[in-house]
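Visitor: Handing over start-v8.csv, CSV, C-alpha atoms and all ligand atoms.
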```csv
chain,number,residue,atom,x,y,z
A,837,MET,CA,-18.2,11.8,13.6
A,838,ARG,CA,-16.4,8.5,13.9
A,839,SER,CA,-18.7,7.1,16.6
A,840,LYS,CA,-21.5,7.1,14.0
A,841,VAL,CA,-22.6,4.3,11.7
A,842,LEU,CA,-19.9,4.0,9.0
A,843,TYR,CA,-19.9,3.0,5.3
A,844,SER,CA,-17.2,1.7,3.0
A,845,ILE,CA,-17.4,3.5,-0.4
A,846,ARG,CA,-15.3,1.9,-3.1
A,847,MET,CA,-14.8,2.9,-6.7
A,848,ARG,CA,-13.2,0.9,-9.5
A,849,ALA,CA,-12.9,1.9,-13.1
A,850,SER,CA,-11.9,-0.1,-16.1
A,851,ASN,CA,-11.5,0.3,-19.8
A,852,ARG,CA,-12.1,-2.7,-22.2
A,853,GLY,CA,-11.9,-4.9,-19.1
A,854,LYS,CA,-8.5,-3.4,-17.9
A,855,HIS,CA,-8.5,-1.9,-14.5
A,856,VAL,CA,-7.5,1.8,-14.7
A,857,SER,CA,-8.2,3.2,-11.3
A,858,GLY,CA,-9.6,2.5,-7.9
A,859,ALA,CA,-10.0,4.4,-4.6
A,860,GLU,CA,-12.0,4.0,-1.4
A,861,ARG,CA,-13.2,5.9,1.6
A,862,ILE,CA,-14.8,5.3,5.0
A,863,ALA,CA,-17.7,7.7,5.6
A,864,THR,CA,-20.8,8.5,7.6
A,865,SER,CA,-24.2,8.5,6.0
A,866,GLU,CA,-24.2,12.3,5.7
A,867,GLU,CA,-21.0,12.1,3.7
A,868,ILE,CA,-22.0,9.5,1.2
A,869,ASP,CA,-23.4,11.7,-1.6
A,870,SER,CA,-20.4,14.0,-1.7
A,871,ILE,CA,-17.8,11.2,-1.5
A,872,VAL,CA,-19.6,9.2,-4.2
A,873,GLY,CA,-19.3,12.4,-6.3
A,874,GLU,CA,-15.6,12.8,-5.5
A,875,LEU,CA,-14.9,9.2,-6.4
A,876,LEU,CA,-16.8,9.4,-9.7
A,877,ALA,CA,-14.9,12.6,-10.6
A,878,ARG,CA,-11.7,10.7,-9.7
A,879,SER,CA,-12.6,7.8,-12.0
A,880,ARG,CA,-12.7,10.2,-14.9
A,881,LYS,CA,-9.6,12.1,-14.0
A,882,LYS,CA,-7.0,9.7,-15.6
A,883,GLY,CA,-6.0,10.2,-19.2
A,884,ASN,CA,-7.3,6.7,-19.9
A,885,GLN,CA,-11.1,7.3,-19.9
A,886,PRO,CA,-13.0,4.3,-18.3
A,887,ASP,CA,-15.9,2.6,-20.1
A,888,ASP,CA,-17.1,1.0,-16.9
A,889,VAL,CA,-17.2,2.6,-13.4
A,890,THR,CA,-18.5,0.8,-10.3
A,891,VAL,CA,-19.1,2.6,-7.0
A,892,ARG,CA,-20.2,0.5,-4.1
A,893,VAL,CA,-21.5,1.8,-0.8
A,894,GLU,CA,-21.4,-0.9,1.9
A,895,TRP,CA,-22.8,-0.5,5.4
A,896,LEU,CA,-20.2,-1.5,7.9
A,897,GLY,CA,-22.7,-2.4,10.6
A,898,SER,CA,-21.4,-2.4,14.1
A,899,ALA,CA,-17.8,-2.6,13.1
A,900,ILE,CA,-15.6,-0.5,15.4
A,901,PRO,CA,-12.7,1.0,13.5
A,902,GLN,CA,-9.1,0.2,14.6
A,903,LEU,CA,-7.4,3.6,15.1
A,904,VAL,CA,-3.8,3.7,14.1
A,905,THR,CA,-1.1,6.3,13.5
A,906,ALA,CA,0.4,6.7,10.1
A,907,LEU,CA,4.0,5.5,9.6
A,908,ASP,CA,6.8,8.0,9.6
A,909,VAL,CA,8.0,8.8,6.1
A,910,ILE,CA,11.6,9.1,5.1
A,911,THR,CA,13.1,9.3,1.6
A,912,LEU,CA,16.5,7.7,1.0
A,913,ASN,CA,18.6,9.5,-1.6
A,914,THR,CA,19.0,6.9,-4.4
A,915,SER,CA,18.9,8.0,-8.0
A,916,ASP,CA,18.5,4.8,-10.1
A,917,PRO,CA,16.8,1.5,-9.8
A,918,GLN,CA,20.0,-0.4,-9.0
A,919,THR,CA,21.0,1.7,-6.0
A,920,GLY,CA,17.4,2.0,-4.9
A,921,ARG,CA,16.9,-1.8,-4.9
A,922,SER,CA,20.2,-2.4,-3.2
A,923,ALA,CA,19.2,0.0,-0.4
A,924,ALA,CA,15.7,-1.6,-0.2
A,925,ARG,CA,17.4,-5.0,0.1
A,926,ARG,CA,19.6,-3.8,2.9
A,927,LEU,CA,16.6,-2.4,4.7
A,928,LEU,CA,14.6,-5.5,4.4
A,929,ARG,CA,17.5,-7.6,5.7
A,930,SER,CA,17.6,-5.3,8.8
A,931,ILE,CA,14.0,-6.0,9.4
A,932,GLY,CA,14.6,-9.7,9.3
A,933,VAL,CA,13.6,-10.8,5.8
A,934,SER,CA,16.0,-13.4,4.3
A,935,ASN,CA,18.0,-12.8,1.2
A,936,LEU,CA,16.1,-15.6,-0.5
A,937,ALA,CA,12.8,-14.0,0.2
A,938,ILE,CA,14.0,-10.6,-0.9
A,939,ASP,CA,15.5,-11.9,-4.2
A,940,ARG,CA,12.3,-13.7,-5.0
A,941,ALA,CA,10.1,-10.7,-4.3
A,942,ILE,CA,12.2,-8.4,-6.4
A,943,LYS,CA,12.3,-10.9,-9.2
A,944,TYR,CA,8.6,-11.5,-9.2
A,945,ILE,CA,7.7,-7.8,-9.1
A,946,SER,CA,10.2,-7.1,-11.9
A,947,VAL,CA,8.9,-9.7,-14.4
A,948,GLY,CA,5.2,-9.8,-13.5
A,949,ALA,CA,4.3,-11.8,-10.4
A,950,ALA,CA,1.3,-13.6,-11.7
A,951,PRO,CA,1.9,-17.0,-13.2
A,952,SER,CA,0.7,-15.6,-16.6
A,953,GLY,CA,3.5,-13.0,-16.4
A,954,ALA,CA,1.2,-10.1,-15.9
A,955,ASN,CA,1.0,-7.8,-12.9
A,956,MET,CA,-1.1,-9.2,-10.1
A,957,ARG,CA,-4.4,-7.6,-9.1
A,958,GLY,CA,-3.3,-7.6,-5.5
A,959,ALA,CA,-0.3,-8.3,-3.3
A,960,MET,CA,1.9,-11.4,-2.9
A,961,ILE,CA,2.2,-12.8,0.6
A,962,ILE,CA,5.7,-14.1,1.0
A,963,ASP,CA,7.2,-16.2,3.8
A,964,ALA,CA,10.0,-14.0,5.1
A,965,VAL,CA,12.4,-17.0,5.6
A,966,THR,CA,11.7,-19.4,2.7
A,967,GLY,CA,10.5,-16.9,0.2
A,968,GLY,CA,7.5,-19.2,-0.5
A,969,ARG,CA,4.3,-17.7,-1.9
A,970,LEU,CA,1.4,-18.0,0.5
A,971,GLU,CA,-1.4,-16.1,-1.2
A,972,PRO,CA,-4.3,-18.4,-2.2
A,973,ASP,CA,-4.5,-17.1,-5.8
A,974,GLN,CA,-1.3,-16.1,-7.4
A,975,GLU,CA,-2.9,-14.5,-10.4
A,976,ARG,CA,-5.1,-12.2,-8.2
A,977,GLY,CA,-3.2,-11.8,-5.0
A,978,VAL,CA,-4.6,-10.2,-1.8
A,979,ARG,CA,-6.1,-6.7,-1.7
A,980,ALA,CA,-6.1,-4.5,1.4
A,981,SER,CA,-9.3,-2.7,1.8
A,982,ARG,CA,-11.6,-0.8,4.2
A,983,PHE,CA,-9.1,1.8,5.4
A,984,ASP,CA,-9.0,5.6,5.3
A,985,TRP,CA,-7.7,8.7,7.0
A,986,THR,CA,-9.8,10.6,9.4
A,987,ASP,CA,-10.5,14.1,8.0
A,988,LYS,CA,-8.0,15.8,10.3
A,989,ALA,CA,-5.2,13.2,9.6
A,990,ARG,CA,-5.9,13.4,5.8
A,991,GLU,CA,-5.5,17.2,5.8
A,992,ALA,CA,-2.5,17.3,8.1
A,993,THR,CA,-0.7,14.4,6.3
A,994,GLY,CA,-1.4,16.0,2.9
A,995,LEU,CA,0.1,19.3,4.1
A,996,MET,CA,3.1,17.6,5.6
A,997,LEU,CA,3.8,15.5,2.5
A,998,SER,CA,3.3,18.5,0.2
A,999,GLY,CA,5.7,20.5,2.4
A,1000,ALA,CA,8.3,17.8,1.6
A,1001,GLY,CA,7.6,18.0,-2.1
A,1002,LEU,CA,5.5,14.8,-2.1
A,1003,THR,CA,2.4,16.0,-3.9
A,1004,HIS,CA,1.5,12.9,-5.9
A,1005,PHE,CA,-1.8,11.3,-4.7
A,1006,ARG,CA,-0.1,7.9,-5.0
A,1007,THR,CA,2.3,8.7,-2.1
A,1008,ARG,CA,-0.6,9.6,0.3
A,1009,GLU,CA,-2.6,6.6,-0.7
A,1010,ALA,CA,0.3,4.2,-0.6
A,1011,LEU,CA,1.2,5.5,2.9
A,1012,ALA,CA,-2.4,4.7,4.0
A,1013,LEU,CA,-2.3,1.2,2.5
A,1014,ALA,CA,1.2,0.4,4.0
A,1015,THR,CA,0.0,1.7,7.4
A,1016,LYS,CA,-2.8,-0.8,7.4
A,1017,VAL,CA,-0.7,-3.6,6.0
A,1018,VAL,CA,2.1,-3.4,8.6
A,1019,HIS,CA,-0.4,-3.4,11.5
A,1020,ALA,CA,-1.6,-6.8,10.3
A,1021,PRO,CA,-0.9,-9.9,12.5
A,1022,GLY,CA,2.4,-11.6,11.4
A,1023,VAL,CA,3.4,-9.0,8.9
A,1024,LEU,CA,7.1,-8.0,9.0
A,1025,ALA,CA,7.4,-5.7,6.1
A,1026,GLU,CA,6.0,-4.6,2.7
A,1027,LEU,CA,7.9,-3.9,-0.5
A,1028,CYS,CA,6.1,-2.0,-3.4
A,1029,TRP,CA,6.6,-0.2,-6.6
A,1030,SER,CA,3.8,0.9,-8.8
A,1031,ASP,CA,2.8,-0.5,-12.1
A,1032,ASP,CA,2.2,3.0,-13.4
A,1033,PRO,CA,5.0,3.5,-16.0
A,1034,ASP,CA,5.2,7.2,-15.1
A,1035,TYR,CA,5.7,6.6,-11.3
A,1036,THR,CA,9.1,5.2,-10.5
A,1037,ALA,CA,9.1,5.6,-6.7
A,1038,GLY,CA,8.6,2.7,-4.3
A,1039,TYR,CA,8.9,1.9,-0.7
A,1040,VAL,CA,9.7,-0.6,2.1
A,1041,ALA,CA,7.4,-0.3,5.1
A,1042,SER,CA,7.5,-1.9,8.5
A,1043,LEU,CA,6.6,-1.0,12.1
A,1044,LYS,CA,10.3,-1.0,12.8
A,1045,THR,CA,11.4,1.4,10.1
A,1046,GLY,CA,8.3,3.3,9.1
A,1047,TYR,CA,7.6,4.1,5.4
A,1048,VAL,CA,11.0,4.4,3.7
A,1049,ARG,CA,10.7,5.8,0.1
A,1050,PHE,CA,13.1,5.3,-2.8
A,1051,PRO,CA,12.6,7.8,-5.5
A,1052,VAL,CA,13.5,5.4,-8.3
A,1053,LEU,CA,12.9,1.6,-7.9
A,1054,LYS,CA,12.3,1.1,-11.6
A,1055,GLN,CA,13.0,2.7,-15.0
A,1056,ALA,CA,10.5,5.3,-16.3
A,1057,GLY,CA,8.3,3.6,-18.8
A,1058,ASP,CA,8.4,0.2,-17.1
A,1059,GLU,CA,4.9,-1.2,-16.7
A,1060,GLN,CA,5.7,-3.8,-14.2
A,1061,GLY,CA,4.9,-3.3,-10.5
A,1062,GLY,CA,3.5,-5.0,-7.5
A,1063,ARG,CA,3.5,-5.5,-3.8
A,1064,ALA,CA,5.1,-8.1,-1.6
A,1065,ILE,CA,3.9,-8.6,2.0
A,1066,PHE,CA,6.5,-10.5,4.0
A,1067,VAL,CA,5.2,-12.5,6.9
A,1068,ASP,CA,6.7,-14.3,9.9
A,1069,ARG,CA,5.2,-17.7,9.6
A,1070,SER,CA,5.9,-18.7,13.2
A,1071,ILE,CA,3.4,-16.1,14.4
A,1072,HIS,CA,0.8,-15.8,11.7
A,1073,ASP,CA,-2.3,-17.6,10.7
A,1074,ILE,CA,-3.0,-16.9,7.0
A,1075,ASP,CA,-6.8,-16.8,7.3
A,1076,VAL,CA,-6.6,-14.3,10.2
A,1077,LEU,CA,-4.2,-12.2,8.1
A,1078,LEU,CA,-6.3,-12.3,4.9
A,1079,ARG,CA,-9.4,-11.3,6.9
A,1080,TYR,CA,-7.6,-8.4,8.5
A,1081,LEU,CA,-6.2,-7.1,5.2
A,1082,ARG,CA,-9.6,-7.2,3.5
A,1083,ASP,CA,-12.2,-6.7,6.2
A,1084,GLU,CA,-10.8,-5.0,9.3
A,1085,VAL,CA,-11.9,-1.4,9.3
A,1086,VAL,CA,-8.9,0.8,9.9
A,1087,LEU,CA,-8.9,4.5,10.4
A,1088,ILE,CA,-5.6,6.4,10.4
A,1089,ALA,CA,-6.2,9.0,13.0
A,1090,GLY,CA,-2.6,9.9,14.0
A,1091,VAL,CA,-0.1,11.8,11.8
A,1092,GLY,CA,3.5,10.5,11.5
A,1093,THR,CA,6.5,12.6,10.7
A,1094,CYS,CA,8.2,13.3,7.3
A,1095,SER,CA,11.9,13.7,6.8
A,1096,GLY,CA,13.4,15.0,3.6
A,1097,LEU,CA,16.1,13.3,1.5
A,1098,VAL,CA,18.5,11.3,3.6
A,1099,ASP,CA,21.9,9.9,2.5
A,1100,VAL,CA,21.7,6.1,2.4
A,1101,ASP,CA,24.9,5.4,4.4
A,1102,ALA,CA,24.0,8.1,7.0
A,1103,TYR,CA,20.6,6.4,7.4
A,1104,PHE,CA,22.0,2.9,8.0
A,1105,ASP,CA,24.8,4.3,10.2
A,1106,SER,CA,22.3,6.0,12.5
A,1107,MET,CA,19.8,3.1,12.4
A,1108,ASP,CA,21.0,1.6,15.7
A,1109,ASN,CA,20.4,4.9,17.5
A,1110,ARG,CA,17.0,5.5,16.0
A,1111,CYS,CA,14.0,5.4,18.3
A,1112,TYR,CA,11.2,3.3,16.5
A,1113,ARG,CA,7.5,3.4,17.3
B,1201,LIG,N1,-5.9,-4.2,-10.2
B,1201,LIG,C1,-6.5,-4.9,-11.1
B,1201,LIG,N2,-7.9,-5.2,-11.0
B,1201,LIG,C2,-8.5,-4.7,-9.9
B,1201,LIG,C3,-7.9,-4.0,-8.9
B,1201,LIG,C4,-6.5,-3.7,-9.1
B,1201,LIG,N3,-5.8,-2.9,-8.3
B,1201,LIG,N4,-8.8,-3.6,-8.0
B,1201,LIG,C5,-10.0,-4.2,-8.4
B,1201,LIG,N5,-9.8,-4.8,-9.6
B,1201,LIG,C6,-10.8,-5.5,-10.4
B,1201,LIG,C7,-10.6,-7.0,-10.4
B,1201,LIG,O1,-11.1,-7.5,-11.6
B,1201,LIG,C8,-11.4,-7.5,-9.2
B,1201,LIG,O2,-11.8,-8.8,-9.3
B,1201,LIG,P1,-10.9,-9.9,-8.5
B,1201,LIG,O3,-11.4,-9.8,-7.1
B,1201,LIG,O4,-11.1,-11.2,-9.1
B,1201,LIG,O5,-9.5,-9.5,-8.6
B,1201,LIG,C9,-12.6,-6.6,-9.3
B,1201,LIG,O6,-12.1,-5.3,-9.8
B,1201,LIG,C10,-13.4,-6.4,-8.0
B,1201,LIG,O7,-12.4,-6.0,-7.0
B,1201,LIG,P2,-12.9,-5.7,-5.5
B,1201,LIG,O8,-11.6,-5.4,-4.7
B,1201,LIG,O9,-13.8,-6.8,-5.0
B,1201,LIG,O10,-13.7,-4.4,-5.7
B,1201,LIG,P3,-14.1,-3.3,-4.6
B,1201,LIG,O11,-15.1,-2.4,-5.3
B,1201,LIG,O12,-14.5,-4.0,-3.3
B,1201,LIG,O13,-12.7,-2.5,-4.3
B,1201,LIG,C11,-10.8,-1.1,-4.8
B,1201,LIG,C12,-12.0,-1.9,-5.4
B,1201,LIG,C13,-9.9,-0.8,-6.0
B,1201,LIG,C14,-11.3,0.2,-4.2
B,1201,LIG,C15,-10.0,-1.9,-3.8
B,1201,LIG,O14,-9.7,-3.2,-4.3
B,1201,LIG,C16,-8.7,-1.3,-3.4
B,1201,LIG,O15,-7.6,-1.5,-4.0
B,1201,LIG,N6,-8.7,-0.5,-2.3
B,1201,LIG,C17,-7.5,0.2,-1.8
B,1201,LIG,C18,-7.5,1.6,-2.5
B,1201,LIG,C19,-6.5,2.5,-1.8
B,1201,LIG,O16,-5.4,2.5,-2.1
B,1201,LIG,N7,-7.1,3.4,-1.0
B,1201,LIG,C20,-6.4,4.4,-0.3
B,1201,LIG,C21,-7.4,5.0,0.7
B,1201,LIG,S1,-6.7,6.3,1.6
B,1202,LIG,P1,-0.3,0.7,-7.7
B,1202,LIG,O1,0.5,1.3,-6.6
B,1202,LIG,O2,-1.8,1.1,-7.6
B,1202,LIG,O3,0.3,0.9,-9.0
B,1202,LIG,O4,-0.4,-0.8,-7.4
B,1202,LIG,C1,0.8,-1.6,-7.6
B,1202,LIG,C2,0.5,-3.1,-7.4
B,1202,LIG,O5,0.0,-3.3,-6.0
B,1202,LIG,C3,-0.6,-3.6,-8.3
B,1202,LIG,O6,-0.1,-4.1,-9.5
B,1202,LIG,C4,-1.2,-4.8,-7.5
B,1202,LIG,O7,-0.4,-5.9,-7.7
B,1202,LIG,C5,-1.0,-4.3,-6.0
B,1202,LIG,N1,-2.2,-3.7,-5.4
B,1202,LIG,C6,-3.1,-2.8,-6.0
B,1202,LIG,N2,-4.1,-2.5,-5.1
B,1202,LIG,C7,-3.8,-3.2,-4.0
B,1202,LIG,C8,-4.5,-3.3,-2.7
B,1202,LIG,N3,-5.6,-2.7,-2.4
B,1202,LIG,N4,-3.9,-4.2,-1.8
B,1202,LIG,C9,-2.8,-4.9,-2.1
B,1202,LIG,N5,-2.2,-4.8,-3.2
B,1202,LIG,C10,-2.7,-4.0,-4.2
```
What is this file in structure tokens?

Guide:
Amino acid sequence: MRSKVLYSIRMRASNRGKHVSGAERIATSEEIDSIVGELLARSRKKGNQPDDVTVRVEWLGSAIPQLVTALDVITLNTSDPQTGRSAARRLLRSIGVSNLAIDRAIKYISVGAAPSGANMRGAMIIDAVTGGRLEPDQERGVRASRFDWTDKAREATGLMLSGAGLTHFRTREALALATKVVHAPGVLAELCWSDDPDYTAGYVASLKTGYVRFPVLKQAGDEQGGRAIFVDRSIHDIDVLLRYLRDEVVLIAGVGTCSGLVDVDAYFDSMDNRCYR
């Protein structure tokens, strides 16, 4: 089905001007009606009923999707924000992100990364050495878009994650987003925790480490969250990066692995011996 003409179908829902949910799929023309129905149903699923829902169907023309394999998933056994963030820092250091850049990213996400103090509507782009912010609009940020699982990979990944107890839709969708992001030119790593006050987990993702989850990166009830994409400025061109994140059509066709809870010290001890993709 993937050699056919493809469409990007994107849904966003808001209530009194506040964004409440969004989702997107890549589909063939035969799949459009059912996927539009699924996304509309999804927009009404949240407790916060939207008063405005937009579903956009965009023809992708002759775009040939980039096929990638999902990152391997591992969960480090940390039980509070302090130990979670400390392990996330250690991991980002091992990927080559400077202490300064890590400190800045964590501080920004904790307090609201937009200059107004609100959560951003997209991700920060952070220089992995200086910690400088590179996204053109710091209130908005940069949003990754036009990515999806193939049907087979979605099903297999869903089963694999559920088997490890990871049943929340956010995990599968964040894994897809992170998989696209870390394949971008010049990207070293991504750090994320959600702005959903009921969802405390977060992750560090990179091609080197895969998708490393931390069950608690913030206190329950905390409405702050965000994403930081760390880039190696010596090899990246910001316009190429922005175009890739927004426009490049990426299909996740390969399934990664999923490990259960792993002890933090054991994880770092074995890091040198691990075989990375
Ligand atoms: N937070 C706050 N506002 C948001 C938002 C978000 N996460 N996403 C969209 N909006 C609002 C903003 O007001 C935005 O205006 P802006 O560009 O000035 O910020 C407006 O909606 C239009 O956003 P846009 O991205 O142009 O809409 P779209 O219809 O093309 O796509 C989404 C909307 C939500 C589908 C897309 O932005 C997105 O986040 N895609 C990834 C979804 C995902 O995780 N998919 C997993 C697939 S497996
Ligand atoms: P969420 O995981 O949906 O709670 O999103 C957490 C944060 O990630 C949001 O506050 C935004 O700052 C950012 N974000 C949301 N959608 C995207 C996207 N498509 N691409 C990059 N960043 C996003």

Visitor: Rank nothing, just name the residue among A:Val856, A:Ala1012, A:Leu936, A:Cys1094 nearest to Asp1032 in chain A, using all atoms listed in the file.

Guide: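 Closest candidate: A:Val856.
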
Visitor: Mind listing whatever residues come within 10 Å of the point (-19.4, 5.2, 6.1)? Use all atoms listed in the file, file coordinates, and give them as a ChimeraX atom specification.

Guide: /A:838,840-845,861-868,871,893-897

Visitor: Using all atoms listed in the file, I'd like a table of the residues in chain A that come within 7 Å of ligand LIG 1202 (chain B); for each, show the closest atom pair and its distance in Å rounded to one decimal, ordered by chain and ascending number, as a Markdown table.

Guide:
```
| residue | atom | partner | partner_atom | distance |
| --- | --- | --- | --- | --- |
| A:Asn955 | CA | B:LIG1202 | O6 | 5.1 |
| A:Met956 | CA | B:LIG1202 | O7 | 4.1 |
| A:Arg957 | CA | B:LIG1202 | C4 | 4.5 |
| A:Gly958 | CA | B:LIG1202 | N5 | 3.8 |
| A:Ala959 | CA | B:LIG1202 | N5 | 4.0 |
| A:Val978 | CA | B:LIG1202 | C9 | 5.6 |
| A:Arg979 | CA | B:LIG1202 | N4 | 3.3 |
| A:Ala980 | CA | B:LIG1202 | N4 | 3.9 |
| A:Ser981 | CA | B:LIG1202 | N3 | 5.6 |
| A:Arg1006 | CA | B:LIG1202 | O1 | 6.8 |
| A:Ala1010 | CA | B:LIG1202 | O1 | 6.7 |
| A:Cys1028 | CA | B:LIG1202 | O5 | 6.8 |
| A:Trp1029 | CA | B:LIG1202 | C1 | 6.0 |
| A:Ser1030 | CA | B:LIG1202 | O3 | 3.5 |
| A:Asp1031 | CA | B:LIG1202 | O3 | 4.2 |
| A:Asp1032 | CA | B:LIG1202 | O3 | 5.2 |
| A:Gly1061 | CA | B:LIG1202 | O6 | 5.2 |
| A:Gly1062 | CA | B:LIG1202 | C2 | 3.6 |
| A:Arg1063 | CA | B:LIG1202 | O5 | 4.7 |
```

Visitor: Please build the interface table for range 877-930 of chain A against range 1034-1051 of chain A with a cut-off of 12 Å, listing for each qualifying residue the nearest atom pair and the distance in Å to one decimal; count all atoms listed in the file, order rows by chain and increasing number, and write it as JSON lines.

Guide:
```
{"residue": "A:Val904", "atom": "CA", "partner": "A:Leu1043", "partner_atom": "CA", "distance": 11.6}
{"residue": "A:Thr905", "atom": "CA", "partner": "A:Leu1043", "partner_atom": "CA", "distance": 10.7}
{"residue": "A:Ala906", "atom": "CA", "partner": "A:Gly1046", "partner_atom": "CA", "distance": 8.7}
{"residue": "A:Leu907", "atom": "CA", "partner": "A:Gly1046", "partner_atom": "CA", "distance": 4.9}
{"residue": "A:Asp908", "atom": "CA", "partner": "A:Gly1046", "partner_atom": "CA", "distance": 5.0}
{"residue": "A:Val909", "atom": "CA", "partner": "A:Tyr1047", "partner_atom": "CA", "distance": 4.8}
{"residue": "A:Ile910", "atom": "CA", "partner": "A:Val1048", "partner_atom": "CA", "distance": 4.9}
{"residue": "A:Thr911", "atom": "CA", "partner": "A:Arg1049", "partner_atom": "CA", "distance": 4.5}
{"residue": "A:Leu912", "atom": "CA", "partner": "A:Phe1050", "partner_atom": "CA", "distance": 5.6}
{"residue": "A:Asn913", "atom": "CA", "partner": "A:Phe1050", "partner_atom": "CA", "distance": 7.0}
{"residue": "A:Thr914", "atom": "CA", "partner": "A:Phe1050", "partner_atom": "CA", "distance": 6.3}
{"residue": "A:Ser915", "atom": "CA", "partner": "A:Pro1051", "partner_atom": "CA", "distance": 6.8}
{"residue": "A:Asp916", "atom": "CA", "partner": "A:Pro1051", "partner_atom": "CA", "distance": 8.1}
{"residue": "A:Pro917", "atom": "CA", "partner": "A:Thr1036", "partner_atom": "CA", "distance": 8.6}
{"residue": "A:Gln918", "atom": "CA", "partner": "A:Phe1050", "partner_atom": "CA", "distance": 10.9}
{"residue": "A:Thr919", "atom": "CA", "partner": "A:Phe1050", "partner_atom": "CA", "distance": 9.3}
{"residue": "A:Gly920", "atom": "CA", "partner": "A:Phe1050", "partner_atom": "CA", "distance": 5.8}
{"residue": "A:Arg921", "atom": "CA", "partner": "A:Phe1050", "partner_atom": "CA", "distance": 8.3}
{"residue": "A:Ser922", "atom": "CA", "partner": "A:Phe1050", "partner_atom": "CA", "distance": 10.5}
{"residue": "A:Ala923", "atom": "CA", "partner": "A:Phe1050", "partner_atom": "CA", "distance": 8.4}
{"residue": "A:Ala924", "atom": "CA", "partner": "A:Val1040", "partner_atom": "CA", "distance": 6.5}
{"residue": "A:Arg925", "atom": "CA", "partner": "A:Val1040", "partner_atom": "CA", "distance": 9.1}
{"residue": "A:Arg926", "atom": "CA", "partner": "A:Val1040", "partner_atom": "CA", "distance": 10.4}
{"residue": "A:Leu927", "atom": "CA", "partner": "A:Val1040", "partner_atom": "CA", "distance": 7.6}
{"residue": "A:Leu928", "atom": "CA", "partner": "A:Val1040", "partner_atom": "CA", "distance": 7.3}
{"residue": "A:Arg929", "atom": "CA", "partner": "A:Val1040", "partner_atom": "CA", "distance": 11.1}
{"residue": "A:Ser930", "atom": "CA", "partner": "A:Thr1045", "partner_atom": "CA", "distance": 9.2}
```

Visitor: Which of these, A:Ala989, A:Leu1053, A:Leu1027, A:Ala1000, has the shortest distance to ligand LIG 1201 (chain B) once you count all atoms listed in the file?

Guide: A:Ala989

Visitor: Pick from A:Asp887, A:Asp1083, A:Asp1068, A:Asp1073: nearest to ligand LIG 1201 (chain B), with all atoms listed in the file counted?

Guide: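 Going through A:Asp887, A:Asp1083, A:Asp1068, A:Asp1073 one by one, the smallest distance to ligand LIG 1201 (chain B) is for A:Asp1083.
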
Visitor: Which residues are near Ala859 in chain A? Cut-off 7 Å, only C-alpha atoms, ignore same chain within fewer than 3 positions. Put them as a list in words.

Guide: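 The filter keeps Arg846, Met847 and Arg848 of chain A.
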
Visitor: Would you work out the distance separating CA of Pro1021 in chain A from CA of Ile961 in chain A, expressed in Å to one decimal?

Guide: 12.6 Å

Visitor: Glu971 in chain A: which residues within 9 Å, counting only C-alpha atoms, same-chain residues fewer than 2 positions away excluded, as a list in words?

Guide: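 The residues that qualify are Ala959, Met960, Ile961, Ile962, Arg969, Asp973, Gln974, Arg976, Gly977, Val978, Ile1074 and Leu1078 of chain A.
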
Visitor: Considering all atoms listed in the file, can you say which of A:Val1098, A:Met996, A:Leu1011, A:Val1091 comes closest to ligand LIG 1201 (chain B)?

Guide: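 Looking only at the distances to ligand LIG 1201 (chain B), the closest residue turns out to be A:Leu1011.
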
Visitor: Out of A:Ile942, A:Ala877, A:Ile1088, A:Ala992, which residue has the shortest atom-to-atom distance to ligand LIG 1201 (chain B) when counting only C-alpha atoms and all ligand atoms?

Guide: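 With only C-alpha atoms and all ligand atoms as the atom set, the closest residue is A:Ile1088.
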
Visitor: Which residues, written as a VMD selection string, have at least one atom at most 6 Å from Val1085 in chain A, with all atoms listed in the file counted and residues fewer than 4 positions away on the same chain left out?

Guide: chain A and resid 901 982 to 983
